[in-house]
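K.L.:
Following this line is protein-v4.cif, made up of mmCIF, C-alpha atoms and all ligand atoms:
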```cif
data_query
#
loop_
_atom_site.label_atom_id
_atom_site.label_comp_id
_atom_site.auth_asym_id
_atom_site.auth_seq_id
_atom_site.Cartn_x
_atom_site.Cartn_y
_atom_site.Cartn_z
CA MET A 1186 1.42 19.68 1.07
CA ARG A 1187 -0.18 18.15 4.18
CA ALA A 1188 -3.90 17.76 4.70
CA SER A 1189 -6.09 17.16 7.71
CA HIS A 1190 -9.80 16.40 7.72
CA ARG A 1191 -12.59 17.03 10.16
CA GLY A 1192 -16.01 15.50 9.55
CA GLY A 1193 -19.36 16.92 10.54
CA PRO A 1194 -23.07 16.07 10.12
CA ASP A 1195 -23.48 17.99 6.84
CA SER A 1196 -20.02 18.41 5.37
CA VAL A 1197 -16.30 17.65 5.73
CA GLU A 1198 -13.70 20.33 6.18
CA ILE A 1199 -10.28 19.70 4.59
CA VAL A 1200 -7.40 21.84 5.76
CA THR A 1201 -4.26 21.87 3.64
CA GLN A 1202 -1.02 23.69 4.21
CA THR A 1203 0.63 25.63 1.44
CA PRO A 1204 4.42 25.29 0.96
CA GLN A 1205 4.60 28.61 2.83
CA GLY A 1206 2.87 27.01 5.83
CA GLN A 1207 -0.47 28.81 5.51
CA ASP A 1208 -3.68 26.87 6.24
CA GLN A 1209 -6.27 26.59 3.48
CA SER A 1210 -9.72 25.28 4.39
CA ARG A 1211 -12.25 23.82 1.94
CA THR A 1212 -15.60 22.14 2.57
CA PHE A 1213 -16.97 19.08 0.76
CA ASP A 1214 -20.21 17.03 0.84
CA ALA A 1215 -18.19 13.85 1.44
CA VAL A 1216 -14.60 12.66 1.41
CA VAL A 1217 -12.94 9.33 0.52
CA VAL A 1218 -9.67 8.77 2.35
CA ALA A 1219 -7.77 6.25 0.19
CA ILE A 1220 -4.39 6.04 1.90
CA LYS A 1221 -2.75 3.61 4.29
CA PRO A 1222 -3.90 3.61 7.96
CA ASN A 1223 -0.61 5.01 9.28
CA HIS A 1224 -0.94 7.92 6.85
CA ILE A 1225 -4.58 8.46 7.86
CA ALA A 1226 -3.47 8.61 11.51
CA ASP A 1227 -0.97 11.35 10.54
CA LEU A 1228 -3.89 13.45 9.27
CA ILE A 1229 -6.09 13.13 12.35
CA LEU A 1230 -6.00 16.24 14.47
CA ASP A 1231 -7.33 14.64 17.67
CA LYS A 1232 -4.64 12.14 18.71
CA THR A 1233 -6.77 11.03 21.69
CA SER A 1234 -9.72 9.97 19.49
CA GLU A 1235 -10.97 6.38 19.20
CA LEU A 1236 -10.28 6.51 15.46
CA ASN A 1237 -6.64 7.38 16.06
CA ALA A 1238 -6.34 4.45 18.51
CA ILE A 1239 -7.84 2.06 15.93
CA LEU A 1240 -5.56 3.23 13.12
CA THR A 1241 -2.41 3.06 15.20
CA ALA A 1242 -3.34 -0.52 16.28
CA ILE A 1243 -2.87 -1.77 12.71
CA PRO A 1244 0.72 -3.07 12.51
CA PHE A 1245 3.06 -2.30 9.63
CA ARG A 1246 6.19 -3.82 8.18
CA ARG A 1247 8.97 -2.23 6.13
CA ASP A 1248 10.15 -4.10 3.05
CA ARG A 1249 12.98 -3.17 0.72
CA VAL A 1250 12.00 -3.31 -2.96
CA VAL A 1251 14.79 -3.23 -5.56
CA VAL A 1252 14.20 -2.98 -9.33
CA HIS A 1253 17.33 -4.27 -11.07
CA THR A 1254 18.84 -6.32 -13.91
CA ASP A 1255 21.16 -8.55 -11.85
CA ALA A 1256 20.34 -12.22 -12.64
CA LYS A 1257 22.35 -13.51 -9.68
CA LEU A 1258 19.17 -13.19 -7.57
CA LEU A 1259 17.62 -16.00 -9.68
CA PRO A 1260 18.58 -19.66 -10.23
CA ARG A 1261 21.66 -20.14 -12.46
CA SER A 1262 19.68 -21.97 -15.13
CA LYS A 1263 17.25 -19.64 -16.91
CA ARG A 1264 14.98 -22.65 -17.52
CA SER A 1265 14.23 -22.61 -13.75
CA TRP A 1266 13.10 -19.00 -13.73
CA GLY A 1267 9.42 -18.32 -13.06
CA ALA A 1268 7.43 -15.08 -12.94
CA PHE A 1269 7.65 -15.36 -9.11
CA ASN A 1270 10.87 -16.79 -7.60
CA LEU A 1271 10.73 -17.36 -3.88
CA THR A 1272 14.01 -17.64 -1.98
CA ILE A 1273 13.60 -20.06 0.93
CA PRO A 1274 16.11 -19.36 3.70
CA SER A 1275 17.89 -22.23 5.42
CA SER A 1276 16.89 -21.31 8.99
CA LEU A 1277 13.38 -21.22 10.51
CA ASP A 1278 14.05 -17.80 12.06
CA GLN A 1279 14.62 -16.35 8.62
CA VAL A 1280 11.50 -18.10 7.27
CA LEU A 1281 9.45 -16.37 9.97
CA GLY A 1282 11.15 -13.05 9.20
CA GLN A 1283 11.12 -11.15 5.92
CA THR A 1284 9.79 -12.62 2.70
CA THR A 1285 12.32 -12.73 -0.13
CA ILE A 1286 10.93 -12.97 -3.62
CA THR A 1287 12.11 -11.93 -7.07
CA PHE A 1288 9.59 -11.09 -9.77
CA TRP A 1289 10.82 -11.61 -13.35
CA VAL A 1290 9.00 -8.66 -14.85
CA ASN A 1291 9.48 -9.69 -18.50
CA ARG A 1292 7.56 -12.93 -17.85
CA LEU A 1293 5.07 -11.42 -15.41
CA SER A 1294 4.07 -8.56 -17.70
CA VAL A 1295 5.02 -10.04 -21.11
CA LEU A 1296 7.39 -7.19 -21.98
CA ASP A 1297 8.83 -6.43 -25.42
CA LYS A 1298 11.31 -9.23 -26.25
CA ARG A 1299 14.02 -6.68 -27.09
CA LEU A 1300 14.15 -5.47 -23.46
CA PRO A 1301 16.78 -6.88 -21.06
CA ASP A 1302 15.68 -9.09 -18.17
CA ILE A 1303 14.25 -6.86 -15.44
CA PHE A 1304 13.69 -8.08 -11.88
CA ILE A 1305 11.95 -6.76 -8.78
CA THR A 1306 13.37 -8.26 -5.60
CA LEU A 1307 11.63 -7.91 -2.27
CA ASN A 1308 14.22 -7.90 0.55
CA PRO A 1309 17.25 -9.08 -1.51
CA PRO A 1310 19.17 -11.89 0.26
CA LEU A 1311 22.23 -10.92 -1.83
CA GLU A 1312 23.11 -7.35 -2.71
CA PRO A 1313 22.40 -6.70 -6.43
CA ASP A 1314 25.29 -5.16 -8.36
CA PRO A 1315 24.89 -1.39 -7.70
CA VAL A 1316 25.37 -0.55 -11.39
CA ARG A 1317 22.42 -2.86 -12.20
CA ILE A 1318 20.00 -1.21 -9.72
CA ILE A 1319 17.26 0.87 -11.37
CA GLN A 1320 15.28 1.77 -8.22
CA ASP A 1321 15.79 1.00 -4.53
CA ARG A 1322 12.88 1.83 -2.22
CA ILE A 1323 11.41 0.98 1.17
CA MET A 1324 7.69 0.06 1.09
CA ILE A 1325 5.51 0.08 4.19
CA HIS A 1326 2.78 -2.59 4.28
CA PRO A 1327 -0.01 -3.43 6.70
CA VAL A 1328 0.50 -6.86 8.31
CA ALA A 1329 -2.46 -9.22 8.71
CA THR A 1330 -2.17 -9.99 12.43
CA PHE A 1331 -5.25 -10.94 14.47
CA ALA A 1332 -5.16 -7.63 16.40
CA GLY A 1333 -4.72 -5.67 13.16
CA MET A 1334 -7.67 -7.45 11.51
CA GLN A 1335 -9.83 -6.68 14.56
CA ALA A 1336 -8.83 -3.00 14.33
CA ILE A 1337 -9.75 -2.98 10.62
CA GLU A 1338 -13.17 -4.50 11.38
CA THR A 1339 -13.73 -1.69 13.94
CA LEU A 1340 -12.58 0.91 11.40
CA LYS A 1341 -15.32 -0.33 9.05
CA THR A 1342 -17.94 0.76 11.60
CA PHE A 1343 -16.70 4.34 11.00
CA GLN A 1344 -17.48 4.11 7.25
CA GLY A 1345 -19.60 7.10 6.23
CA GLY A 1346 -19.71 8.48 9.77
CA GLN A 1347 -19.18 12.25 9.61
CA ARG A 1348 -19.37 11.84 5.80
CA ILE A 1349 -15.90 10.28 5.60
CA TRP A 1350 -15.34 6.95 3.80
CA TYR A 1351 -12.20 4.83 3.80
CA ALA A 1352 -10.89 2.83 0.83
CA GLY A 1353 -7.78 0.77 0.19
CA SER A 1354 -6.65 -2.82 -0.11
CA PHE A 1355 -5.75 -2.86 3.61
CA LEU A 1356 -9.50 -3.11 4.37
CA GLU A 1357 -9.81 -6.61 2.85
CA ILE A 1358 -7.48 -9.59 2.90
CA PRO A 1359 -5.63 -10.38 0.66
CA TYR A 1360 -4.09 -6.93 0.17
CA LEU A 1361 -4.36 -6.87 -3.63
CA HIS A 1362 -5.28 -4.38 -6.34
CA GLU A 1363 -8.75 -5.94 -6.71
CA ASN A 1364 -9.57 -5.18 -3.08
CA ALA A 1365 -8.25 -1.63 -3.38
CA PHE A 1366 -10.59 -1.21 -6.37
CA ASN A 1367 -13.58 -2.90 -4.69
CA THR A 1368 -13.30 -0.81 -1.53
CA GLY A 1369 -13.15 2.35 -3.69
CA ILE A 1370 -16.35 1.30 -5.47
CA ALA A 1371 -18.01 0.55 -2.11
CA ALA A 1372 -17.03 4.01 -0.82
CA ALA A 1373 -18.45 5.68 -3.95
CA GLU A 1374 -21.69 3.70 -3.62
CA GLY A 1375 -21.92 4.66 0.05
CA ILE A 1376 -21.62 8.34 -0.85
CA LEU A 1377 -24.22 8.11 -3.62
CA LEU A 1378 -26.62 6.41 -1.23
CA ARG A 1379 -26.04 9.02 1.49
CA LEU A 1380 -26.43 11.94 -0.90
CA GLY A 1381 -29.55 10.37 -2.42
CA ALA A 1382 -28.00 10.30 -5.89
CA LYS A 1383 -28.48 7.51 -8.41
CA PRO A 1384 -25.35 5.77 -9.74
C1 LIG B 1401 6.42 -4.92 -4.65
C2 LIG B 1401 4.94 -5.06 -4.60
C3 LIG B 1401 4.32 -5.95 -5.47
C4 LIG B 1401 2.94 -6.10 -5.47
N1 LIG B 1401 2.38 -6.96 -6.37
C5 LIG B 1401 1.05 -7.04 -6.44
C6 LIG B 1401 0.44 -7.86 -7.44
O1 LIG B 1401 1.12 -8.52 -8.24
N2 LIG B 1401 -0.92 -7.91 -7.48
C7 LIG B 1401 -1.69 -7.19 -6.63
O2 LIG B 1401 -2.92 -7.26 -6.75
N3 LIG B 1401 -1.14 -6.40 -5.67
C8 LIG B 1401 0.20 -6.32 -5.55
N4 LIG B 1401 0.77 -5.52 -4.59
C9 LIG B 1401 -0.11 -4.85 -3.62
C10 LIG B 1401 -0.79 -3.66 -4.25
O3 LIG B 1401 0.21 -2.84 -4.84
C11 LIG B 1401 -1.52 -2.89 -3.14
O4 LIG B 1401 -2.41 -3.76 -2.47
C12 LIG B 1401 -2.32 -1.75 -3.76
O5 LIG B 1401 -1.49 -0.88 -4.51
C13 LIG B 1401 -2.96 -0.95 -2.65
O6 LIG B 1401 -3.74 0.03 -3.25
P1 LIG B 1401 -4.31 1.19 -2.34
O7 LIG B 1401 -5.10 2.08 -3.25
O8 LIG B 1401 -4.96 0.61 -1.14
O9 LIG B 1401 -3.03 1.97 -1.78
P2 LIG B 1401 -1.79 2.63 -2.55
O10 LIG B 1401 -1.56 1.97 -3.88
O11 LIG B 1401 -0.68 2.62 -1.54
O12 LIG B 1401 -2.30 4.12 -2.83
C14 LIG B 1401 -2.31 5.10 -1.84
C15 LIG B 1401 -1.84 6.40 -2.50
O13 LIG B 1401 -2.04 7.49 -1.59
C16 LIG B 1401 -0.94 8.36 -1.68
N5 LIG B 1401 -0.88 9.15 -0.45
C17 LIG B 1401 -0.38 8.79 0.76
N6 LIG B 1401 -0.53 9.81 1.65
C18 LIG B 1401 -1.15 10.83 0.99
C19 LIG B 1401 -1.57 12.14 1.36
N7 LIG B 1401 -1.41 12.61 2.60
N8 LIG B 1401 -2.17 12.90 0.42
C20 LIG B 1401 -2.36 12.44 -0.83
N9 LIG B 1401 -1.98 11.20 -1.25
C21 LIG B 1401 -1.38 10.40 -0.35
C22 LIG B 1401 0.25 7.44 -1.88
O14 LIG B 1401 1.33 8.13 -2.45
C23 LIG B 1401 -0.34 6.40 -2.84
O15 LIG B 1401 -0.20 6.78 -4.18
C24 LIG B 1401 2.15 -5.34 -4.57
C25 LIG B 1401 2.76 -4.44 -3.68
C26 LIG B 1401 4.13 -4.30 -3.70
C27 LIG B 1401 4.78 -3.30 -2.77
#
```
Translate the structure described by the file into structure tokens.
P.N.:
Amino acid sequence: MRASHRGGPDSVEIVTQTPQGQDQSRTFDAVVVAIKPNHIADLILDKTSELNAILTAIPFRRDRVVVHTDAKLLPRSKRSWGAFNLTIPSSLDQVLGQTTITFWVNRLSVLDKRLPDIFITLNPPLEPDPVRIIQDRIMIHPVATFAGMQAIETLKTFQGGQRIWYAGSFLEIPYLHENAFNTGIAAAEGILLRLGAKP
């Protein structure tokens, strides 16, 4: 299902498409858009709008994330393993390129001791054994460049305009769960204030 949104002074219209391709329109007092900027841009109908230009100015990077049980991505000695294991490449070009890190999930999340060692590797420098791969995905992240941060500051001036609020960790550096949560709370408080309701 795809959705587009169009704000107005008194309400927000959300248009969704059914799997059969029919438009369905619903109207709300306010809307929180809690997705990544590139996805928000996909939902904007007017591609010439200032908002679309701001959203598309926020740069993104693709990272490969592999969940696996192949210990060859960590130091040989288990005593050297940490919850976060950064692989430092030998050349400067690689250092400035993709980050390579392996999370040892059992240590990070204190898993049941009976479970095997489970790892999450961001951009594996060595290919994990295919039979040991549990999940293999590409994640798209915002990148904190100067131009991107300026675009995000401009996006904040749109908060609550046309009764649409934006939430997500991309709004605040560092891009962590806490900031995703905090921006969601701020959006909810903005709506309550606008609607004259008490929290
Ligand atoms: C491998 C990895 C490890 C990380 N480790 C940490 C960590 O240890 N600690 C930490 O604090 N942060 C960590 N992060 C970052 C953290 O996951 C993000 O900052 C956080 O999840 C962002 O939350 P969000 O709500 O902004 O966006 P998201 O979590 O991306 O949520 C957006 C949601 O919107 C959905 N969506 C997209 N488009 C639409 C649509 N059109 N309609 C409906 N739904 C839609 C998406 O499917 C998604 O579920 C990690 C990220 C990665 C990739």
K.L.:
Give me the residues near Ala1373 (chain A) as a list in words, where near means some atom within 12 Å (using all atoms listed in the file) and where sequence neighbours in that chain fewer than 2 positions away do not count.
P.N.:
Ala1215, Val1216, Val1217, Val1218, Ala1219, Gln1344, Gly1345, Arg1348, Ile1349, Trp1350, Tyr1351, Ala1352, Phe1366, Asn1367, Thr1368, Gly1369, Ile1370, Ala1371, Gly1375, Ile1376, Leu1377, Leu1378, Arg1379, Leu1380, Ala1382, Lys1383 and Pro1384 of chain A
K.L.:
With all atoms listed in the file as the counted atoms, please give the residues lying no more than 10 Å from Tyr1360 (chain A), apart from itself and same-chain residues fewer than 5 positions off, as a PyMOL selection string.
P.N.:
chain A and resi 1326-1329+1353-1355+1365
K.L.:
Hey, which of A:Pro1204, A:Pro1310, A:Gly1346, A:Pro1222 ends up closest to ligand LIG 1401 (chain B)? Count all atoms listed in the file.
P.N.:
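Using all atoms listed in the file, the shortest distance to ligand LIG 1401 (chain B) belongs to A:Pro1222.
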K.L.:
Rank A:Thr1306, A:Gln1207, A:Asn1291, A:Thr1342 by their smallest atom-to-atom distance to ligand LIG 1401 (chain B), using only C-alpha atoms and all ligand atoms, and report the top residue only.
P.N.:
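Using only C-alpha atoms and all ligand atoms, ligand LIG 1401 (chain B) sits closest to A:Thr1306.
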K.L.:
Give me the residues within 8 Å of Thr1241 (chain A) as a PDB file with C-alpha atoms, keeping the file's coordinate frame, counting only C-alpha atoms and dropping any in the same chain fewer than 4 places off.
P.N.:
```pdb
ATOM      1  CA  PRO A1222      -3.900   3.610   7.960  1.00  0.00           C
ATOM      2  CA  ASN A1223      -0.610   5.010   9.280  1.00  0.00           C
ATOM      3  CA  ALA A1226      -3.470   8.610  11.510  1.00  0.00           C
ATOM      4  CA  ASN A1237      -6.640   7.380  16.060  1.00  0.00           C
TER       5      ASN A1237
END
```
K.L.:
One decimal, Å: what's the distance from CA of Glu1338 (chain A) over to CA of Ala1238 (chain A), could you say?
P.N.:
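So the answer is 13.3 Å.
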K.L.:
Which residues are close to Ile1286 (chain A), i.e. within 12 Å by all atoms listed in the file, leaving aside same-chain residues fewer than 4 positions away? Reply as a PyMOL selection string.
P.N.:
chain A and resi 1248-1252+1258-1259+1266-1274+1304-1311
K.L.:
Which of these residues is nearest to Phe1213 (chain A), using only C-alpha atoms: A:Met1334, A:Leu1228, A:Ile1323, A:Val1197?
P.N.:
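Ranking A:Met1334, A:Leu1228, A:Ile1323, A:Val1197 by distance to Phe1213 (chain A), first place goes to A:Val1197.
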K.L.:
With all atoms of ligand LIG 1401 (chain B) from the file as input, state the centre and edge lengths in Å to one decimal of the axis-aligned box that has 4 Å extra on each side, as AutoDock Vina command-line options.
P.N.:
```
--center_x 0.7 --center_y 2.2 --center_z -2.8 --size_x 19.5 --size_y 29.4 --size_z 18.8
```
K.L.:
Can you pull out every residue within 7 Å of Ile1303 (chain A), counting only C-alpha atoms, but drop anything in the same chain fewer than 2 positions away, and send it as a compact mmCIF listing (two decimals) with C-alpha atoms, in the coordinates of the input?
P.N.:
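Dumped everything to selection_11.txt:
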```
# COMPACT_ATOMS: atom_id res chain seq x y z
CA HIS A 1253 17.33 -4.27 -11.07
CA THR A 1254 18.84 -6.32 -13.91
CA TRP A 1289 10.82 -11.61 -13.35
CA VAL A 1290 9.00 -8.66 -14.85
CA ASN A 1291 9.48 -9.69 -18.50
CA PRO A 1301 16.78 -6.88 -21.06
```
K.L.:
From the options A:Val1316, A:Leu1240, A:Ile1325, A:Leu1296, which residue's atoms come nearest to ligand LIG 1401 (chain B), counting all atoms listed in the file?
P.N.:
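Using all atoms listed in the file, ligand LIG 1401 (chain B) sits closest to A:Ile1325.
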K.L.:
So, counting only C-alpha atoms and all ligand atoms, which residue among A:Arg1322, A:Arg1317, A:Lys1298, A:Lys1341 is closest to ligand LIG 1401 (chain B)?
P.N.:
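Looking only at the distances to ligand LIG 1401 (chain B), the closest residue turns out to be A:Arg1322.
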K.L.:
Taking into account all atoms listed in the file, which residue in the set A:Asn1364, A:Thr1330, A:Thr1284, A:Gln1335 is nearest to ligand LIG 1401 (chain B)?
P.N.:
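Ranking A:Asn1364, A:Thr1330, A:Thr1284, A:Gln1335 by distance to ligand LIG 1401 (chain B), first place goes to A:Asn1364.
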K.L.:
CA of Thr1201 (chain A) and atom O8 of ligand LIG 1401 (chain B) are how many Å apart?
P.N.:
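One can read the CA of Thr1201 (chain A) to atom O8 of ligand LIG 1401 (chain B) distance as 21.8 Å.
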K.L.:
Which polymer residues, whether protein, DNA or RNA, lie within 12 Å of the coordinate (-9.6, 29.5, 5.2) when you count all atoms listed in the file? List them as a ChimeraX atom specification, using the chain letters and numbers from the file.
P.N.:
/A:1198-1203,1207-1212
K.L.:
Would you compute the distance between CA of Asp1255 (chain A) and CA of Ile1319 (chain A)? Give it in Å to one decimal.
P.N.:
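These two atoms are separated by 10.2 Å.
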